[in-house]
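Input: a single structure, listed below in structure tokens.
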Amino acid sequence: MKYKRILLKLSGEALQGKNKTTNIDPAVLEQYSEEIKAVREQGVEIAIVIGGGNIFRGGQAEALGIDRVQGDYMGMLATVVNGMALQSALERHGMYTRLMSGIKMEQVCEPFIRRRAIRHLEKGRIVIFGAGIGNPYFTTDSTAALRAIETQSNVVLKGTRVDGVYTADPEKVPTATRYQKLSFQEAYEKNLNIMDMTAFTLCMENKLPIIVFDMNKKGNLLKVAKGEEAGTLIS
Ligand code: UDP
């Protein structure tokens, strides 16, 4: 295994699955659990940040007459709902897990305490970080970058439905080509939308590599954790 400790970022939207008929598709939870288990079985320590976009995003608030900050908190709570669903799925597959929240809710999960999170990881527990960083105006990408730095993870693995970073949006521009590797500087200059600027800057300044890869392709997470070429490495 190339990486001892990874931080996996999953989008909330991906939980809806292909048909988007439900907020949380059990088939996606099943697939994620199998992928994560295969990596855990190789001894890799795994932290996870999951988004909330399948339920609510702060950016939607104003159109609904909801205050933006209130909307952001709604979004953060949505990530806890997703975290709980993922936690159950992982446990059903025999993994030990902890859900830690950036907003205190003791009946549901532990508060985020950095040293405790590291201890859980050392013991082989999969740690899911819910409720973002606990502050409005941030995203779960920024949470992923921050928690990865705080827990001394070796890499941020951004699982998406595309197999890496392209010269243009491959779903719109069929001639777009994929980058295998990029430097932070190149990604910045080319204005490639890898993560939001806060997240991107945190990774760049702390020399924390990012790998963007297709989480829906079977065996891909293991491949990435082994250091095999799959997706785009930004370092
Ligand atoms: N959010 C926030 N602070 C954080 C993390 C998330 O306010 O530290 C809110 C924000 O409104 C965001 C929502 O939670 O829109 C859901 O997260 P995100 O949009 O990043 O989820 P994803 O797009 O990955 O599903």
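Ordered as shown in the structure tokens, chains take letters A, B, and onward, while each chain numbers its residues from 1 and ligands are numbered from 1 in the order shown.
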Write out as number ranges by chain all residues of range 13-228 of chain A that DSSP puts in helix (DSSP H, G or I) for this structure's backbone.
A: 13-16, 26-40, 58-60, 62-64, 68-92, 114-122, 140-150, 184-189, 197-205, 220-226
Can you list every residue of chain A that has an atom at most 10 Å from ligand 1, with its nearest atom pair and the distance in Å to one decimal, using only C-alpha atoms and all ligand atoms, ordered by chain then number, as CSV?
```
residue,atom,partner,partner_atom_place_in_ligand_line,distance
A:Lys9,CA,ligand 1,24 (O),7.8
A:Leu10,CA,ligand 1,24 (O),6.5
A:Ser11,CA,ligand 1,24 (O),3.7
A:Gly12,CA,ligand 1,25 (O),3.4
A:Glu13,CA,ligand 1,25 (O),4.9
A:Ala14,CA,ligand 1,25 (O),7.5
A:Leu15,CA,ligand 1,25 (O),8.7
A:Val49,CA,ligand 1,24 (O),8.5
A:Ile50,CA,ligand 1,24 (O),6.3
A:Gly51,CA,ligand 1,21 (O),3.4
A:Gly52,CA,ligand 1,16 (C),4.1
A:Gly53,CA,ligand 1,25 (O),3.3
A:Asn54,CA,ligand 1,25 (O),6.0
A:Ile55,CA,ligand 1,16 (C),8.0
A:Phe56,CA,ligand 1,16 (C),6.1
A:Arg57,CA,ligand 1,15 (O),3.5
A:Gly58,CA,ligand 1,11 (O),3.1
A:Gly59,CA,ligand 1,15 (O),5.8
A:Gln60,CA,ligand 1,15 (O),8.0
A:Ala61,CA,ligand 1,11 (O),8.5
A:Arg68,CA,ligand 1,11 (O),8.0
A:Val69,CA,ligand 1,7 (O),7.3
A:Gln70,CA,ligand 1,11 (O),8.6
A:Gly71,CA,ligand 1,11 (O),5.9
A:Asp72,CA,ligand 1,11 (O),3.4
A:Tyr73,CA,ligand 1,7 (O),5.6
A:Met74,CA,ligand 1,14 (O),6.8
A:Gly75,CA,ligand 1,14 (O),3.4
A:Met76,CA,ligand 1,14 (O),4.1
A:Leu77,CA,ligand 1,14 (O),7.4
A:Ala78,CA,ligand 1,16 (C),6.8
A:Thr79,CA,ligand 1,16 (C),6.4
A:Val80,CA,ligand 1,14 (O),9.8
A:Asn82,CA,ligand 1,25 (O),9.5
A:Gly102,CA,ligand 1,8 (O),7.9
A:Ile103,CA,ligand 1,8 (O),9.8
A:Gly130,CA,ligand 1,5 (C),8.5
A:Ala131,CA,ligand 1,5 (C),6.2
A:Gly132,CA,ligand 1,8 (O),3.5
A:Ile133,CA,ligand 1,8 (O),3.9
A:Gly134,CA,ligand 1,8 (O),5.2
A:Asn135,CA,ligand 1,3 (N),4.8
A:Pro136,CA,ligand 1,7 (O),3.5
A:Tyr137,CA,ligand 1,7 (O),4.9
A:Phe138,CA,ligand 1,3 (N),3.9
A:Thr139,CA,ligand 1,5 (C),3.8
A:Thr140,CA,ligand 1,20 (O),3.7
A:Asp141,CA,ligand 1,20 (O),5.8
A:Ser142,CA,ligand 1,8 (O),6.8
A:Thr143,CA,ligand 1,8 (O),5.5
A:Ala144,CA,ligand 1,8 (O),9.1
A:Leu146,CA,ligand 1,8 (O),9.6
A:Lys158,CA,ligand 1,24 (O),9.9
A:Thr160,CA,ligand 1,24 (O),9.7
A:Met195,CA,ligand 1,20 (O),9.9
A:Asp196,CA,ligand 1,20 (O),9.4
```
Need to verify the contact set: Gly227 in chain A, 9 Å, only C-alpha atoms, exclusion of same-chain residues closer than 4 positions in sequence. Can you return it as number ranges by chain?
A: 1-3, 222-223
Go ahead and compute the interatomic distance for CA of Glu35 in chain A and CA of Phe129 in chain A, in Å to one decimal.
18.4 Å
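Neighbouring residues of Leu90 in chain A at 8 Å or closer, counting only C-alpha atoms and skipping chain neighbours under 5 positions away, are Ser33, Lys37, Met95, Tyr96 and Thr97 of chain A.
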Best match for closeness to Leu202 in chain A among A:Arg147, A:Lys18, A:Arg115, A:Lys181, counting only C-alpha atoms
A:Arg147
Contacts of Leu233 in chain A at 9 Å (only C-alpha atoms; same-chain gap of 3+ positions) as a ChimeraX atom specification
/A:164-165,179-183,209-213,229-230
